Amino acid sequence: MLEIRFHGRGGQGAVTSAELLAQAAIKEGKYARAFPSFGPERRGAPVSAFCRLDEKPINLRTVIKNPHVVVVLDPSLYEVVDVTGGLRERGHLVINTSKDPRAFFSGNLGGLAAVNASLIAQEILKRPITNTVMLGALVRMLPLVELESLAQALEERFNEKIAQKNIQALKRSYQETLILTPEDHVEREGKGESGEAGDARITGEKDRDYSWKELPPGCIVEPGSTRKNLTGDWRSRYPLLNRERCIKCGLCWIYCPDASLIRKGDGFYGVDLNYCKGCGICARECPAGAILMEKELEG
Amino acid sequence: MGKTRGMEVSIAAAEAVKQADVDVISAYPITPQTHIVEKLSEFVANGQLEAEYVTVESEHSAMSLCIGSQAAGARTFTSTSSQGLALMSELVPIASALRLPMVIYLVNRSLSAPLSIWNDHSDVMSIRDSGCIQLFVKDGQEVYDHLFIAYRAAEKQEVLLPVIVNLDGFLLSHTFEPVEVMEEERIRQYLPPYRPLYTLNPDKPITMGAFAPPSLFTEAKKAHDETLKASHPYLEKAWEEWAVISGRRYRPVEEFNARGAETIMITMGSLSETAREGVKILREKGQNIGLLELRQWRPFPQEEFRQGVKGVRRLVVIDRAVSPGSTGGPVASEICSALYGMEDQPSLENYVAGLGGRDVTVEDFLNMAAPPSREKKYAFSIHGAR
């Protein structure tokens, strides 16, 4: 059995990637299961999805902690999420990057596939949805399913026009993917074996310290606990404040739903990127046009 | 034969409801049931399913509406989870006592508090005594199949009881996997149009839900209890007939490597799948262990259960709900009661596992099945609680 984990942001189609791969395998008479990381979904927040593939029926309904392959849909995630956490020794990594992929190769990898999926998605789909593009890169490195089966799965799932565009993106990505193997990689000392990743809400990594005896009656939560919940990693855009234009009116500060704008001593405002989700309300409300929403950069 | 394709299990569930040609659907969305009712409203909106989809302001109203529509003679469906079922629960025993054979997909989720949207069986256990038929399934195919099986058995004039098909939230509802969707023709053969015994009809008025004085209430309860118990052979028959058209044979208690086993694990719902992997590993290591999967929770299949544990030395019962203040989980308590008076009773270890979405891994099953250091006739613990 082969286990795959996909990383994306809510709305980018990580779950769809996992399901398309499963559908393609099922079409070939194989067995497959795909599932999201169970829980609430928030657009923009880091999400993961999973896929199990096998030649025989699958009997597991458990979280995947140690995948053989990790696929990362969004380049802004490398800084935010430990994407290779739990990846098996000699496991495979598939990344979306515009940079030199050699920087992503660590000694433990069995292979790395890199493609500029954001560019392909923008050019063909006209949207930053990289899920099918990444599948092209995945099957280029590991022939888990035929490209044709993926195309069929796309045709079933989407209407004719969207399906054809996605098939085009899939095929282009397959062509343009760069594969690195350990032999190409000179420096063999990379990171040691990564710890377990997975969804902390389910695996309980974060809460491991509490025993039932320590929980307060009724599980009361003390005020200020969300300070620990750094929601800035949901952000795909950030507000850029222009001091030349700012008239210090404070509307951004008033309208920010997350209290992420901070009034400074000189009357100007700053942004607390630990919590700013990049919603853009400040930029919209600013009467002086002093706030611009900028895309988060890769890495 | 039908066609096997990859589907999200919730979508397969909605597809089954469509194929069963229900007349009325009323539901209120709640995680993790949502995808089922969303898909159904889409089917109705785009004309793929000719049914009334009634949007309501709560589960209490959804069940009220289902009672009304089923009483009027319509094949009726609803689905809910957790607190939604709790809100509905005022009316569930009325649906069963009025003998209204609706089918409910209960997408199992823990009851608050603390708030959890994840899976366990505390929701269904809260209505254990509501007088409905209660079944558990372990994979997407079983989810799909049991919609038809449920209506087939429920609508028999000797049965006429609601059926709750329990499927584990997220673990089943949100997983994409292969499901064989049957041909419409086969479904129509298996599930003929619903013919109610009585209906609410102004031209031929009757009263449903009348008052029962102390001189009659006991008899009404006795009749309900006898009817629920007597539904067992109709469920068996519905499974047998389904096997004829689908090739998939279901039983009230499923056995996996259970014949002649010294130790038997007992599970309900999707835990049964991972448990099988555990049993395989332990067998390879030489432990004489098997698995019983309890599919039919109500009516409790006493005879099949006793047959299944005959000659067994040790039972390991896995519950997915706590019965606070009790001596064990609800399944284990039921099983203790079922074993009472049996000769050569096995010892029983009861574990509660998988609460509020906690993963139950193959290793967990290996640990729970490991022989205890000190042999006891009965033991209970909440597995993995720190």
# chains A, B, ... in the order shown; residues from 1 in each chain; ligands from 1
$ interface_residues --of "chain A" --to "chain B" --cutoff "7 Å" --atoms "only C-alpha atoms" --output "list in words"
Glu19, Gln23, Ile26, Ala32, Arg33, Ala34, Phe35, Phe38, Asn59, Leu60, Arg61, Thr62, Val63, Ile202, Thr203, Ser211 and Trp212 of chain A
$ write_last_selection --atoms "N, CA, C and O atoms" --output "compact mmCIF listing (two decimals), in the first residue's frame"
# COMPACT_ATOMS: atom_id res chain seq x y z
N GLU A 19 -8.79 13.00 -4.43
CA GLU A 19 -9.93 12.25 -4.97
C GLU A 19 -9.72 11.90 -6.45
O GLU A 19 -10.08 10.80 -6.89
N GLN A 23 -9.73 8.25 -7.91
CA GLN A 23 -10.66 7.89 -8.99
C GLN A 23 -9.92 7.24 -10.16
O GLN A 23 -10.36 6.23 -10.71
N ILE A 26 -9.01 3.74 -9.21
CA ILE A 26 -10.19 2.86 -9.20
C ILE A 26 -10.57 2.49 -10.63
O ILE A 26 -10.93 1.36 -10.93
N ALA A 32 -8.49 2.30 -3.85
CA ALA A 32 -8.02 3.60 -3.39
C ALA A 32 -9.01 4.20 -2.42
O ALA A 32 -10.21 3.93 -2.48
N ARG A 33 -8.48 5.00 -1.53
CA ARG A 33 -9.30 5.80 -0.62
C ARG A 33 -8.68 7.18 -0.52
O ARG A 33 -7.46 7.28 -0.41
N ALA A 34 -9.52 8.20 -0.55
CA ALA A 34 -9.02 9.56 -0.37
C ALA A 34 -9.86 10.22 0.70
O ALA A 34 -11.05 9.98 0.78
N PHE A 35 -9.21 11.02 1.52
CA PHE A 35 -9.97 11.72 2.56
C PHE A 35 -9.27 13.00 2.96
O PHE A 35 -8.06 13.11 2.86
N PHE A 38 -9.88 15.55 8.66
CA PHE A 38 -11.25 15.75 9.10
C PHE A 38 -11.36 16.97 9.99
O PHE A 38 -10.61 17.10 10.96
N ASN A 59 -8.26 -1.82 4.08
CA ASN A 59 -9.04 -2.04 5.31
C ASN A 59 -8.66 -1.09 6.42
O ASN A 59 -8.80 -1.43 7.59
N LEU A 60 -8.16 0.08 6.08
CA LEU A 60 -7.70 0.98 7.13
C LEU A 60 -8.52 2.25 7.13
O LEU A 60 -8.76 2.84 6.09
N ARG A 61 -8.95 2.65 8.34
CA ARG A 61 -9.63 3.95 8.47
C ARG A 61 -8.91 4.76 9.52
O ARG A 61 -9.49 5.19 10.50
N THR A 62 -7.65 4.95 9.31
CA THR A 62 -6.84 5.67 10.28
C THR A 62 -6.14 6.83 9.59
O THR A 62 -6.04 6.87 8.36
N VAL A 63 -5.67 7.75 10.40
CA VAL A 63 -4.90 8.89 9.89
C VAL A 63 -3.60 8.38 9.26
O VAL A 63 -3.04 7.39 9.72
N ILE A 202 -6.36 16.22 15.57
CA ILE A 202 -6.82 14.84 15.67
C ILE A 202 -5.80 13.99 16.42
O ILE A 202 -6.16 13.22 17.30
N THR A 203 -4.55 14.17 16.07
CA THR A 203 -3.55 13.33 16.71
C THR A 203 -3.30 13.79 18.14
O THR A 203 -2.76 13.06 18.94
N SER A 211 -3.64 15.53 31.31
CA SER A 211 -4.30 14.28 31.67
C SER A 211 -5.71 14.65 32.11
O SER A 211 -6.00 15.83 32.35
N TRP A 212 -6.57 13.69 32.21
CA TRP A 212 -7.96 13.99 32.59
C TRP A 212 -8.05 14.63 33.97
O TRP A 212 -8.94 15.42 34.25
$ select_by_dssp --residues "range 54-158 of chain A" --states "strand (DSSP E or B)" --output "list in words"
Asp54, Val69, Val70, Val71, Val72, His92, Leu93, Val94, Ile95, Asn96, Gly111, Leu112, Ala113, Ala114 and Val115 of chain A
$ closest_residue --among "B:Lys376, B:His121, B:Arg152, B:His60" --to "Tyr194 in chain B" --atoms "only C-alpha atoms"
B:Arg152
$ residues_around --residues "Asn367 in chain B" --least-positions-apart "2" --cutoff "12 Å" --atoms "only C-alpha atoms" --output "list in words"
Met265, Ala275, Gly278, Val279, Ile281, Leu282, Val316, Tyr351, Ala353, Val360, Thr361, Val362, Glu363, Asp364, Phe365, Ala369, Ala370, Pro371, Pro372, Ser373, His383 and Gly384 of chain B
$ write_last_selection --atoms "C-alpha atoms" --output "tab-separated table (two decimals), in the first residue's frame"
chain	number	residue	atom	x	y	z
B	265	MET	CA	-12.98	-8.89	19.70
B	275	ALA	CA	-9.81	-4.28	13.72
B	278	GLY	CA	-5.23	-6.21	13.86
B	279	VAL	CA	-6.74	-9.69	13.90
B	281	ILE	CA	-1.47	-9.62	12.42
B	282	LEU	CA	-2.26	-11.41	15.71
B	316	VAL	CA	-12.67	-7.95	24.15
B	351	TYR	CA	-12.49	-0.76	26.19
B	353	ALA	CA	-11.96	3.81	22.18
B	360	VAL	CA	-7.91	4.03	16.62
B	361	THR	CA	-4.92	2.44	14.94
B	362	VAL	CA	-3.97	-1.16	14.25
B	363	GLU	CA	-1.52	-0.86	17.16
B	364	ASP	CA	-4.38	0.15	19.46
B	365	PHE	CA	-6.20	-3.05	18.53
B	369	ALA	CA	-6.29	-7.64	22.30
B	370	ALA	CA	-3.09	-8.46	24.19
B	371	PRO	CA	-3.81	-10.88	27.02
B	372	PRO	CA	-4.10	-9.04	30.34
B	373	SER	CA	-1.29	-9.47	32.85
B	383	HIS	CA	-8.47	3.22	26.22
B	384	GLY	CA	-5.72	5.76	25.82
$ residues_around --residues "range 284-297 of chain A" --least-positions-apart "3" --cutoff "12 Å" --atoms "only C-alpha atoms" --output "PyMOL selection string"
chain A and resi 44+74-80+97-99+128+232-256+261+268-271+273+276-281
$ residues_around --residues "Ile335 in chain B" --least-positions-apart "2" --cutoff "10 Å" --atoms "only C-alpha atoms" --output "VMD selection string"
chain B and resid 266 300 302 305 to 306 315 317 329 to 333 337 to 340 348
$ write_last_selection --atoms "all heavy atoms" --output "compact mmCIF listing (two decimals), in the first residue's frame"
# COMPACT_ATOMS: atom_id res chain seq x y z
N ILE B 266 -15.02 -7.58 19.71
CA ILE B 266 -16.34 -7.19 19.22
C ILE B 266 -16.33 -5.68 18.93
O ILE B 266 -15.92 -4.88 19.78
CB ILE B 266 -17.44 -7.54 20.23
CG1 ILE B 266 -17.43 -9.06 20.45
CG2 ILE B 266 -18.81 -7.05 19.76
CD1 ILE B 266 -18.45 -9.55 21.43
N PHE B 300 -31.54 -6.45 19.29
CA PHE B 300 -30.27 -7.12 19.57
C PHE B 300 -30.35 -8.59 19.17
O PHE B 300 -31.25 -9.30 19.58
CB PHE B 300 -29.91 -6.99 21.05
CG PHE B 300 -28.54 -7.51 21.34
CD1 PHE B 300 -27.43 -6.73 21.04
CD2 PHE B 300 -28.34 -8.79 21.83
CE1 PHE B 300 -26.14 -7.21 21.26
CE2 PHE B 300 -27.05 -9.28 22.05
CZ PHE B 300 -25.96 -8.49 21.77
N GLN B 302 -29.71 -11.65 19.85
CA GLN B 302 -29.30 -12.50 20.97
C GLN B 302 -28.82 -13.89 20.53
O GLN B 302 -27.76 -14.34 20.92
CB GLN B 302 -30.49 -12.63 21.93
CG GLN B 302 -30.31 -13.60 23.07
CD GLN B 302 -29.60 -12.97 24.25
OE1 GLN B 302 -29.07 -11.85 24.14
NE2 GLN B 302 -29.55 -13.66 25.38
N PHE B 305 -25.68 -13.84 18.41
CA PHE B 305 -24.55 -13.43 19.23
C PHE B 305 -24.07 -14.59 20.09
O PHE B 305 -22.88 -14.91 20.13
CB PHE B 305 -24.93 -12.23 20.12
CG PHE B 305 -23.87 -11.91 21.11
CD1 PHE B 305 -22.70 -11.28 20.70
CD2 PHE B 305 -23.99 -12.31 22.43
CE1 PHE B 305 -21.68 -11.03 21.60
CE2 PHE B 305 -22.97 -12.06 23.34
CZ PHE B 305 -21.82 -11.42 22.92
N ARG B 306 -25.00 -15.26 20.76
CA ARG B 306 -24.61 -16.39 21.61
C ARG B 306 -23.95 -17.50 20.80
O ARG B 306 -23.00 -18.12 21.24
CB ARG B 306 -25.83 -16.93 22.36
CG ARG B 306 -26.19 -16.08 23.56
CD ARG B 306 -27.15 -16.82 24.45
NE ARG B 306 -27.22 -16.22 25.76
CZ ARG B 306 -27.71 -16.86 26.82
NH1 ARG B 306 -28.14 -18.09 26.72
NH2 ARG B 306 -27.75 -16.26 27.99
N LEU B 315 -13.58 -12.36 25.79
CA LEU B 315 -14.15 -11.36 24.89
C LEU B 315 -13.48 -10.01 25.14
O LEU B 315 -13.26 -9.63 26.29
CB LEU B 315 -15.65 -11.19 25.13
CG LEU B 315 -16.58 -12.33 24.74
CD1 LEU B 315 -18.03 -11.94 25.07
CD2 LEU B 315 -16.47 -12.65 23.26
N VAL B 317 -14.44 -6.31 24.16
CA VAL B 317 -15.52 -5.53 23.56
C VAL B 317 -15.09 -4.07 23.43
O VAL B 317 -14.68 -3.46 24.43
CB VAL B 317 -16.80 -5.62 24.42
CG1 VAL B 317 -17.93 -4.82 23.78
CG2 VAL B 317 -17.21 -7.07 24.61
N GLY B 329 -19.19 0.34 28.86
CA GLY B 329 -19.78 1.01 27.71
C GLY B 329 -21.12 0.37 27.37
O GLY B 329 -21.42 -0.74 27.83
N PRO B 330 -21.94 1.05 26.56
CA PRO B 330 -23.27 0.51 26.25
C PRO B 330 -23.25 -0.86 25.55
O PRO B 330 -24.10 -1.70 25.86
CB PRO B 330 -23.91 1.58 25.35
CG PRO B 330 -22.86 2.59 25.06
CD PRO B 330 -21.74 2.40 26.02
N VAL B 331 -22.29 -1.08 24.68
CA VAL B 331 -22.26 -2.37 23.97
C VAL B 331 -21.88 -3.47 24.95
O VAL B 331 -22.49 -4.55 24.98
CB VAL B 331 -21.30 -2.34 22.76
CG1 VAL B 331 -21.25 -3.70 22.07
CG2 VAL B 331 -21.73 -1.27 21.76
N ALA B 332 -20.87 -3.19 25.77
CA ALA B 332 -20.43 -4.21 26.73
C ALA B 332 -21.53 -4.54 27.73
O ALA B 332 -21.73 -5.71 28.07
CB ALA B 332 -19.18 -3.74 27.46
N SER B 333 -22.26 -3.53 28.17
CA SER B 333 -23.35 -3.79 29.11
C SER B 333 -24.40 -4.70 28.48
O SER B 333 -24.91 -5.64 29.11
CB SER B 333 -24.02 -2.47 29.53
OG SER B 333 -23.08 -1.64 30.13
N SER B 337 -25.32 -8.63 29.57
CA SER B 337 -26.69 -9.06 29.78
C SER B 337 -27.02 -10.25 28.87
O SER B 337 -27.68 -11.20 29.28
CB SER B 337 -27.59 -7.86 29.54
OG SER B 337 -28.87 -8.26 29.17
N ALA B 338 -26.50 -10.21 27.64
CA ALA B 338 -26.77 -11.31 26.70
C ALA B 338 -26.09 -12.60 27.13
O ALA B 338 -26.54 -13.70 26.81
CB ALA B 338 -26.31 -10.91 25.30
N LEU B 339 -24.95 -12.45 27.86
CA LEU B 339 -24.22 -13.65 28.28
C LEU B 339 -24.77 -14.27 29.56
O LEU B 339 -24.48 -15.41 29.87
CB LEU B 339 -22.74 -13.29 28.55
CG LEU B 339 -21.88 -12.86 27.37
CD1 LEU B 339 -20.55 -12.34 27.88
CD2 LEU B 339 -21.67 -14.02 26.41
N TYR B 340 -25.55 -13.49 30.27
CA TYR B 340 -25.99 -13.93 31.60
C TYR B 340 -26.76 -15.24 31.52
O TYR B 340 -27.66 -15.39 30.70
CB TYR B 340 -26.87 -12.85 32.26
CG TYR B 340 -27.10 -13.11 33.72
CD1 TYR B 340 -26.13 -12.78 34.65
CD2 TYR B 340 -28.27 -13.71 34.17
CE1 TYR B 340 -26.31 -13.02 35.99
CE2 TYR B 340 -28.46 -13.96 35.51
CZ TYR B 340 -27.48 -13.63 36.43
OH TYR B 340 -27.67 -13.88 37.76
N LEU B 348 -14.64 -10.95 30.11
CA LEU B 348 -14.95 -9.82 29.24
C LEU B 348 -14.12 -8.60 29.62
O LEU B 348 -14.13 -8.18 30.77
CB LEU B 348 -16.45 -9.50 29.31
CG LEU B 348 -17.01 -8.52 28.26
CD1 LEU B 348 -18.48 -8.78 28.03
CD2 LEU B 348 -16.82 -7.07 28.67
$ atom_distance --atom1 "CA of Leu49 in chain B" --atom2 "CA of Ser69 in chain B"
17.0 Å
$ residues_around --residues "Gln189 in chain B" --least-positions-apart "5" --cutoff "12 Å" --atoms "only C-alpha atoms" --output "ChimeraX atom specification"
/B:19-20,148,152,182-184,241-242,244-245
$ write_last_selection --atoms "N, CA and C atoms" --output "compact mmCIF listing (two decimals), in the first residue's frame"
# COMPACT_ATOMS: atom_id res chain seq x y z
N GLN B 19 -32.13 6.85 -5.70
CA GLN B 19 -32.56 5.61 -6.38
C GLN B 19 -33.73 4.95 -5.67
N ALA B 20 -33.82 5.16 -4.36
CA ALA B 20 -34.94 4.57 -3.60
C ALA B 20 -36.23 5.33 -3.87
N PHE B 148 -31.39 0.79 0.91
CA PHE B 148 -32.44 -0.04 0.28
C PHE B 148 -32.90 -1.14 1.23
N ARG B 152 -36.61 -1.72 2.58
CA ARG B 152 -37.21 -3.02 2.26
C ARG B 152 -37.77 -3.70 3.53
N MET B 182 -25.90 0.40 -8.08
CA MET B 182 -26.71 -0.61 -8.76
C MET B 182 -27.57 0.01 -9.86
N GLU B 183 -27.94 -0.86 -10.80
CA GLU B 183 -28.83 -0.39 -11.87
C GLU B 183 -30.21 -0.09 -11.30
N GLU B 184 -30.82 0.96 -11.84
CA GLU B 184 -32.14 1.41 -11.35
C GLU B 184 -33.16 0.26 -11.41
N GLU B 241 -32.29 -11.22 0.28
CA GLU B 241 -32.75 -10.79 -1.05
C GLU B 241 -31.76 -9.82 -1.69
N TRP B 242 -31.13 -9.00 -0.85
CA TRP B 242 -30.13 -8.08 -1.39
C TRP B 242 -28.93 -8.86 -1.94
N VAL B 244 -29.02 -11.64 -3.35
CA VAL B 244 -29.38 -12.21 -4.65
C VAL B 244 -29.10 -11.21 -5.77
N ILE B 245 -29.42 -9.95 -5.54
CA ILE B 245 -29.22 -9.00 -6.63
C ILE B 245 -27.83 -8.35 -6.63
$ residues_around --residues "range 219-230 of chain A" --least-positions-apart "4" --cutoff "7 Å" --atoms "only C-alpha atoms" --output "short mmCIF file (atom, residue, chain, number, x, y, z; two decimals) with N, CA and C atoms, in the first residue's frame"
data_model
loop_
_atom_site.label_atom_id
_atom_site.label_comp_id
_atom_site.auth_asym_id
_atom_site.auth_seq_id
_atom_site.Cartn_x
_atom_site.Cartn_y
_atom_site.Cartn_z
N LEU A 215 -7.65 18.59 33.75
CA LEU A 215 -8.62 19.44 33.08
C LEU A 215 -9.49 20.14 34.12
N ASN A 274 1.29 37.88 12.90
CA ASN A 274 1.00 36.60 13.57
C ASN A 274 -0.48 36.25 13.47
N TYR A 275 -1.31 37.31 13.33
CA TYR A 275 -2.76 37.05 13.33
C TYR A 275 -3.47 37.53 12.07
#
$ closest_residue --among "A:Thr130, A:Ser149, A:Ser260, A:Thr231" --to "Thr16 in chain A" --atoms "only C-alpha atoms"
A:Thr130
$ closest_residue --among "B:Leu40, B:Leu292, B:Ala243, B:Val9" --to "Val22 in chain B" --atoms "only C-alpha atoms"
B:Leu40
$ atom_distance --atom1 "CA of Ser323 in chain B" --atom2 "CA of Gln83 in chain B"
16.9 Å
$ closest_atom_pairs --of "range 6-101 of chain A" --to "range 138-142 of chain A" --cutoff "12 Å" --atoms "only C-alpha atoms" --output "JSON lines"
{"residue": "A:Phe6", "atom": "CA", "partner": "A:Leu138", "partner_atom": "CA", "distance": 10.8}
{"residue": "A:Ser17", "atom": "CA", "partner": "A:Leu138", "partner_atom": "CA", "distance": 10.6}
{"residue": "A:Ala18", "atom": "CA", "partner": "A:Leu138", "partner_atom": "CA", "distance": 11.4}
{"residue": "A:Leu21", "atom": "CA", "partner": "A:Val139", "partner_atom": "CA", "distance": 9.5}
{"residue": "A:Ala24", "atom": "CA", "partner": "A:Val139", "partner_atom": "CA", "distance": 11.3}
{"residue": "A:Ala25", "atom": "CA", "partner": "A:Val139", "partner_atom": "CA", "distance": 11.7}
{"residue": "A:His68", "atom": "CA", "partner": "A:Leu142", "partner_atom": "CA", "distance": 11.0}
{"residue": "A:Val69", "atom": "CA", "partner": "A:Leu138", "partner_atom": "CA", "distance": 8.9}
{"residue": "A:Val70", "atom": "CA", "partner": "A:Leu138", "partner_atom": "CA", "distance": 9.3}
{"residue": "A:Val71", "atom": "CA", "partner": "A:Leu138", "partner_atom": "CA", "distance": 7.5}
{"residue": "A:Val72", "atom": "CA", "partner": "A:Leu138", "partner_atom": "CA", "distance": 10.3}
{"residue": "A:Leu73", "atom": "CA", "partner": "A:Leu138", "partner_atom": "CA", "distance": 11.1}
{"residue": "A:Gly91", "atom": "CA", "partner": "A:Leu142", "partner_atom": "CA", "distance": 11.2}
{"residue": "A:His92", "atom": "CA", "partner": "A:Met141", "partner_atom": "CA", "distance": 8.6}
{"residue": "A:Leu93", "atom": "CA", "partner": "A:Leu138", "partner_atom": "CA", "distance": 8.6}
{"residue": "A:Val94", "atom": "CA", "partner": "A:Leu138", "partner_atom": "CA", "distance": 6.2}
{"residue": "A:Ile95", "atom": "CA", "partner": "A:Leu138", "partner_atom": "CA", "distance": 9.0}
{"residue": "A:Asn96", "atom": "CA", "partner": "A:Leu138", "partner_atom": "CA", "distance": 10.8}
$ select_by_dssp --residues "range 50-232 of chain B" --states "helix (DSSP H, G or I)" --output "number ranges by chain"
B: 59-71, 82-88, 92-97, 122-125, 140-154, 184-190, 214-230, 232
